[in-house]
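Student: Here's a structure for you.
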Amino acid sequence: MKNGGIPLEKKIREILDRLLKSENIEINDIPNIDLYMDQVTTFMNTHLSDYKRYPEDKIMTKTMINNYSKNRLLPPSNKKRYSREHVFLLIMIYYYKSILSISDIQNLLSPLSGKYFPENKENGLSLEEIYGKMAEQMEVDKPLSREQILATMENNSHLFDSVDMNDADREEIAMFTFISQLCYDIYLRKQLIERLLDQTYPPDKPAKKSKPKKE
């Protein structure tokens with residue numbers, strides 16, 4: 001497969017490696033002082049800039065943060081200042097929001113905020129420790145994710161080897177099948193996440209309507 005004279009496999013590898021080199025926000029990166037809204041948005045947009053699709057995209061805005069608070073994804077600020085724990089939650093929300101609905105994120109984060117936000121710390125475990133473990137594991141999992149994606153690419157690159165077509169058409173259909181397989185993988189994982197959420201936080205069922213009595 002080629003793309004503008006560059007083998008398509010090489011191009012995919014370069015994009016993937018560039019994405020995986022983007023470092024997650026580590027605990028030591030987060031200021032140990034409360035931040036005002038402008039400082040929070042600047043911090044998020046700076047440290048997660050590698051994940052922008054387009055240069056003009058915003059990682060986090062004031063409107064977004066206000067909506068997260070309004071929808072109870074994020075505890076209220078303290079005199080318009082946000083703690084490190086607020087930032088931990090905002091980073092998680094950033095990763096969740098492209099996959100999960102607002103209500104699903106609320107269900108997922110509410111127990112976390114209720115039990116491990118500073119004033120509600122339980123079981124000797126803090127939100128900082130939870131975030132730190134997650135960030136460490138994400139780094140550990142990157143090589144595995146890379147190999148899984150590259151295996152999918154390799155499998156799809158040979159699906160139409162026996163078909164008589166020109167190189168441009170073969171490249172186009174190979175890219176289509178590769179992207180389709182990635183979409184299916186995301187779809188399957190999203191379905192799993194939603195079912196796990198539904199089992200852990202069952203949605204409220206409408207009350208059964210009583211049948212009218214016969215006269």
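Every chain in the structure tokens has a letter given in the order shown (A, B, ...), and although residue numbers restart at 1 in each chain, ligands are simply numbered from 1 in the order shown.
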Can you check which residues of stretch 4-169 of chain A DSSP gives as strand (DSSP E) on the backbone and send them as JSON, numbers by chain?
Tutor: {"A": [6, 7, 35, 36, 81, 82]}
Student: Store the residues of this selection in a file with all heavy atoms, as a PDB file, in the first residue's frame.
Tutor:
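Output file result01.pdb follows:
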```pdb
ATOM      1  N   ILE A   6       4.666   7.244  -0.257  1.00  0.00           N
ATOM      2  CA  ILE A   6       5.088   6.688   1.028  1.00  0.00           C
ATOM      3  C   ILE A   6       4.280   5.423   1.290  1.00  0.00           C
ATOM      4  O   ILE A   6       3.052   5.451   1.209  1.00  0.00           O
ATOM      5  CB  ILE A   6       4.864   7.687   2.172  1.00  0.00           C
ATOM      6  CG1 ILE A   6       5.614   8.992   1.912  1.00  0.00           C
ATOM      7  CG2 ILE A   6       5.295   7.100   3.506  1.00  0.00           C
ATOM      8  CD1 ILE A   6       5.322  10.076   2.928  1.00  0.00           C
ATOM      9  N   PRO A   7       4.938   4.295   1.584  1.00  0.00           N
ATOM     10  CA  PRO A   7       4.178   3.077   1.904  1.00  0.00           C
ATOM     11  C   PRO A   7       3.167   3.355   3.008  1.00  0.00           C
ATOM     12  O   PRO A   7       3.501   3.969   4.021  1.00  0.00           O
ATOM     13  CB  PRO A   7       5.262   2.109   2.363  1.00  0.00           C
ATOM     14  CG  PRO A   7       6.503   2.585   1.698  1.00  0.00           C
ATOM     15  CD  PRO A   7       6.374   4.085   1.648  1.00  0.00           C
ATOM     16  N   LEU A  35      -6.229  26.308  41.401  1.00  0.00           N
ATOM     17  CA  LEU A  35      -6.134  27.106  40.180  1.00  0.00           C
ATOM     18  C   LEU A  35      -7.454  27.793  39.872  1.00  0.00           C
ATOM     19  O   LEU A  35      -8.525  27.260  40.175  1.00  0.00           O
ATOM     20  CB  LEU A  35      -5.760  26.206  38.991  1.00  0.00           C
ATOM     21  CG  LEU A  35      -4.468  25.392  39.105  1.00  0.00           C
ATOM     22  CD1 LEU A  35      -4.323  24.489  37.882  1.00  0.00           C
ATOM     23  CD2 LEU A  35      -3.260  26.301  39.239  1.00  0.00           C
ATOM     24  N   TYR A  36      -7.368  28.961  39.269  1.00  0.00           N
ATOM     25  CA  TYR A  36      -8.562  29.629  38.756  1.00  0.00           C
ATOM     26  C   TYR A  36      -8.902  29.035  37.390  1.00  0.00           C
ATOM     27  O   TYR A  36      -8.091  28.344  36.759  1.00  0.00           O
ATOM     28  CB  TYR A  36      -8.340  31.141  38.658  1.00  0.00           C
ATOM     29  CG  TYR A  36      -8.301  31.834  39.999  1.00  0.00           C
ATOM     30  CD1 TYR A  36      -7.091  32.205  40.591  1.00  0.00           C
ATOM     31  CD2 TYR A  36      -9.484  32.100  40.691  1.00  0.00           C
ATOM     32  CE1 TYR A  36      -7.060  32.822  41.836  1.00  0.00           C
ATOM     33  CE2 TYR A  36      -9.462  32.727  41.939  1.00  0.00           C
ATOM     34  CZ  TYR A  36      -8.246  33.089  42.502  1.00  0.00           C
ATOM     35  OH  TYR A  36      -8.230  33.687  43.738  1.00  0.00           O
ATOM     36  N   ARG A  81     -11.979  28.490  42.689  1.00  0.00           N
ATOM     37  CA  ARG A  81     -10.667  27.859  42.528  1.00  0.00           C
ATOM     38  C   ARG A  81     -10.830  26.339  42.484  1.00  0.00           C
ATOM     39  O   ARG A  81     -11.686  25.774  43.164  1.00  0.00           O
ATOM     40  CB  ARG A  81      -9.723  28.280  43.656  1.00  0.00           C
ATOM     41  CG  ARG A  81      -9.321  29.751  43.586  1.00  0.00           C
ATOM     42  CD  ARG A  81      -8.285  30.099  44.641  1.00  0.00           C
ATOM     43  NE  ARG A  81      -8.830  29.934  45.984  1.00  0.00           N
ATOM     44  CZ  ARG A  81      -8.140  30.193  47.088  1.00  0.00           C
ATOM     45  NH1 ARG A  81      -6.876  30.607  47.008  1.00  0.00           N
ATOM     46  NH2 ARG A  81      -8.699  30.031  48.276  1.00  0.00           N
ATOM     47  N   TYR A  82      -9.973  25.720  41.688  1.00  0.00           N
ATOM     48  CA  TYR A  82     -10.064  24.292  41.445  1.00  0.00           C
ATOM     49  C   TYR A  82      -8.821  23.587  41.998  1.00  0.00           C
ATOM     50  O   TYR A  82      -7.693  24.010  41.759  1.00  0.00           O
ATOM     51  CB  TYR A  82     -10.198  24.014  39.942  1.00  0.00           C
ATOM     52  CG  TYR A  82     -11.480  24.554  39.371  1.00  0.00           C
ATOM     53  CD1 TYR A  82     -11.579  25.889  38.970  1.00  0.00           C
ATOM     54  CD2 TYR A  82     -12.605  23.749  39.247  1.00  0.00           C
ATOM     55  CE1 TYR A  82     -12.765  26.402  38.463  1.00  0.00           C
ATOM     56  CE2 TYR A  82     -13.795  24.246  38.738  1.00  0.00           C
ATOM     57  CZ  TYR A  82     -13.872  25.570  38.351  1.00  0.00           C
ATOM     58  OH  TYR A  82     -15.046  26.089  37.850  1.00  0.00           O
TER      59      TYR A  82
END
```
Student: A:Asp34: which residues within 12 Å, counting only C-alpha atoms, same-chain residues fewer than 3 positions away excluded, as a list of chain:residue names?
Tutor: A:Ile30, A:Pro31, A:Met37, A:Asp38, A:Gln39, A:Val40, A:Ser77, A:Asn78, A:Lys79, A:Lys80, A:Arg81, A:Tyr82, A:Ser83, A:Arg84, A:Glu85, A:His86, A:Val87
Student: For atom CA of A:Leu196 and atom CA of A:Phe178, determine how far apart the two atoms are, in Å to one decimal place.
Tutor: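 It comes out at 27.4 Å.
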Student: Which of these residues is nearest to A:Tyr187, using only C-alpha atoms: A:Leu20, A:Leu100, A:Met134, A:Ala174?
Tutor: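 Closest residue, counting only C-alpha atoms: A:Leu100.
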Student: Compare A:Tyr68, A:Phe88, A:Tyr95, A:Tyr201 by their minimum atom-to-atom distance to A:Glu129, counting only C-alpha atoms, and give me the closest one.
Tutor: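 Ranked by minimum distance to A:Glu129, first place goes to A:Phe88.
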Student: Go ahead and compute the interatomic distance for atom CA of A:Asn28 and atom CA of A:Met44, in Å to one decimal.
Tutor: 14.3 Å
Student: So which bits of chain A end up alpha helix (DSSP H) when you DSSP the backbone, as a PyMOL selection string?
Tutor: chain A and resi 8-21+37-47+62-70+84-96+102-116+127-157+167-200
Student: Write the residues you've just listed into a file as a CSV table (one decimal), in the first residue's frame, and include C-alpha atoms for each of them.
Tutor:
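Wrote again_25.csv, looks like this:
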```csv
chain,number,residue,atom,x,y,z
A,8,LEU,CA,0.9,3.2,3.7
A,9,GLU,CA,2.1,0.8,6.4
A,10,LYS,CA,4.9,3.2,7.2
A,11,LYS,CA,2.6,6.1,7.4
A,12,ILE,CA,0.2,4.3,9.8
A,13,ARG,CA,3.2,3.3,12.0
A,14,GLU,CA,4.4,6.9,12.1
A,15,ILE,CA,1.0,8.3,13.1
A,16,LEU,CA,0.5,5.5,15.7
A,17,ASP,CA,4.0,6.0,17.2
A,18,ARG,CA,3.5,9.8,17.3
A,19,LEU,CA,0.2,9.3,19.2
A,20,LEU,CA,1.7,6.8,21.6
A,21,LYS,CA,4.7,9.1,22.3
A,37,MET,CA,-10.6,28.7,35.7
A,38,ASP,CA,-8.2,30.4,33.2
A,39,GLN,CA,-5.3,28.5,34.7
A,40,VAL,CA,-7.1,25.2,34.5
A,41,THR,CA,-8.0,25.6,30.8
A,42,THR,CA,-4.5,26.8,30.0
A,43,PHE,CA,-3.0,23.8,31.8
A,44,MET,CA,-5.3,21.3,30.0
A,45,ASN,CA,-4.9,22.8,26.6
A,46,THR,CA,-1.1,22.9,27.0
A,47,HIS,CA,-0.5,19.4,28.4
A,62,LYS,CA,-14.7,27.5,30.5
A,63,THR,CA,-18.1,26.5,29.0
A,64,MET,CA,-17.2,22.9,29.1
A,65,ILE,CA,-16.1,23.0,32.8
A,66,ASN,CA,-19.2,24.9,33.8
A,67,ASN,CA,-21.3,22.3,32.0
A,68,TYR,CA,-19.5,19.5,33.8
A,69,SER,CA,-20.2,21.1,37.1
A,70,LYS,CA,-23.8,21.8,36.2
A,84,ARG,CA,-5.7,19.1,42.0
A,85,GLU,CA,-8.5,16.6,42.5
A,86,HIS,CA,-10.7,18.7,40.1
A,87,VAL,CA,-7.9,18.5,37.5
A,88,PHE,CA,-7.7,14.7,38.0
A,89,LEU,CA,-11.4,14.4,37.2
A,90,LEU,CA,-11.2,16.8,34.3
A,91,ILE,CA,-8.5,14.7,32.7
A,92,MET,CA,-10.6,11.6,33.1
A,93,ILE,CA,-13.7,13.4,31.7
A,94,TYR,CA,-11.6,14.5,28.6
A,95,TYR,CA,-10.8,10.8,27.8
A,96,TYR,CA,-14.4,9.6,28.5
A,102,ILE,CA,-22.9,12.7,30.1
A,103,SER,CA,-25.2,10.4,32.2
A,104,ASP,CA,-22.7,7.5,31.9
A,105,ILE,CA,-19.8,9.7,32.9
A,106,GLN,CA,-21.8,11.0,35.9
A,107,ASN,CA,-22.6,7.5,37.0
A,108,LEU,CA,-19.0,6.5,36.6
A,109,LEU,CA,-17.5,9.4,38.5
A,110,SER,CA,-20.1,10.1,41.2
A,111,PRO,CA,-18.9,7.3,43.5
A,112,LEU,CA,-15.3,8.3,42.9
A,113,SER,CA,-16.0,11.9,43.8
A,114,GLY,CA,-18.2,11.0,46.7
A,115,LYS,CA,-15.7,8.6,48.3
A,116,TYR,CA,-12.3,9.9,47.4
A,127,LEU,CA,-8.1,10.4,44.2
A,128,GLU,CA,-4.5,11.2,43.5
A,129,GLU,CA,-3.4,7.6,44.1
A,130,ILE,CA,-6.2,6.3,41.9
A,131,TYR,CA,-5.3,8.7,39.1
A,132,GLY,CA,-1.6,7.9,39.5
A,133,LYS,CA,-2.2,4.1,39.2
A,134,MET,CA,-4.3,4.6,36.1
A,135,ALA,CA,-1.7,6.8,34.4
A,136,GLU,CA,1.0,4.3,35.1
A,137,GLN,CA,-1.0,1.4,33.7
A,138,MET,CA,-1.9,3.4,30.6
A,139,GLU,CA,1.8,3.8,29.9
A,140,VAL,CA,2.4,0.0,30.5
A,141,ASP,CA,-0.4,-0.8,28.0
A,142,LYS,CA,0.8,1.3,25.2
A,143,PRO,CA,3.1,-1.3,23.6
A,144,LEU,CA,0.3,-3.9,23.7
A,145,SER,CA,-2.1,-1.4,22.1
A,146,ARG,CA,0.5,-0.7,19.4
A,147,GLU,CA,1.0,-4.4,18.5
A,148,GLN,CA,-2.8,-5.1,18.4
A,149,ILE,CA,-3.4,-2.2,16.0
A,150,LEU,CA,-0.5,-3.1,13.8
A,151,ALA,CA,-1.7,-6.7,13.7
A,152,THR,CA,-5.1,-5.5,12.5
A,153,MET,CA,-3.3,-3.4,9.8
A,154,GLU,CA,-1.3,-6.4,8.6
A,155,ASN,CA,-4.3,-8.7,8.5
A,156,ASN,CA,-6.3,-6.2,6.4
A,157,SER,CA,-3.5,-5.3,4.0
A,167,ASP,CA,-2.5,-0.4,-6.9
A,168,ALA,CA,-4.5,2.7,-6.2
A,169,ASP,CA,-7.8,0.8,-5.8
A,170,ARG,CA,-6.1,-1.9,-3.7
A,171,GLU,CA,-4.7,0.8,-1.4
A,172,GLU,CA,-8.0,2.5,-1.1
A,173,ILE,CA,-9.9,-0.7,-0.2
A,174,ALA,CA,-7.2,-1.8,2.2
A,175,MET,CA,-7.4,1.5,4.0
A,176,PHE,CA,-11.2,1.2,4.1
A,177,THR,CA,-11.2,-2.2,5.6
A,178,PHE,CA,-8.5,-1.2,8.2
A,179,ILE,CA,-10.5,1.8,9.3
A,180,SER,CA,-13.6,-0.3,9.4
A,181,GLN,CA,-12.0,-2.9,11.6
A,182,LEU,CA,-10.8,-0.2,14.0
A,183,CYS,CA,-14.3,1.2,14.2
A,184,TYR,CA,-15.7,-2.3,14.9
A,185,ASP,CA,-13.1,-2.7,17.7
A,186,ILE,CA,-14.2,0.6,19.2
A,187,TYR,CA,-17.9,-0.3,18.8
A,188,LEU,CA,-17.4,-3.7,20.6
A,189,ARG,CA,-15.5,-2.1,23.5
A,190,LYS,CA,-18.1,0.7,23.8
A,191,GLN,CA,-20.9,-1.9,23.9
A,192,LEU,CA,-19.0,-3.7,26.7
A,193,ILE,CA,-18.5,-0.5,28.6
A,194,GLU,CA,-22.2,0.4,28.4
A,195,ARG,CA,-23.3,-3.0,29.6
A,196,LEU,CA,-20.8,-2.9,32.5
A,197,LEU,CA,-22.1,0.5,33.4
A,198,ASP,CA,-25.8,-0.7,33.2
A,199,GLN,CA,-25.0,-3.6,35.5
A,200,THR,CA,-23.1,-1.5,38.0
```
Student: Suppose you want the space between atom CA of A:Asp50 and atom CA of A:Asp29; what is it in Å?
Tutor: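 Answer for the atom CA of A:Asp50 to atom CA of A:Asp29 separation: 15.6 Å.
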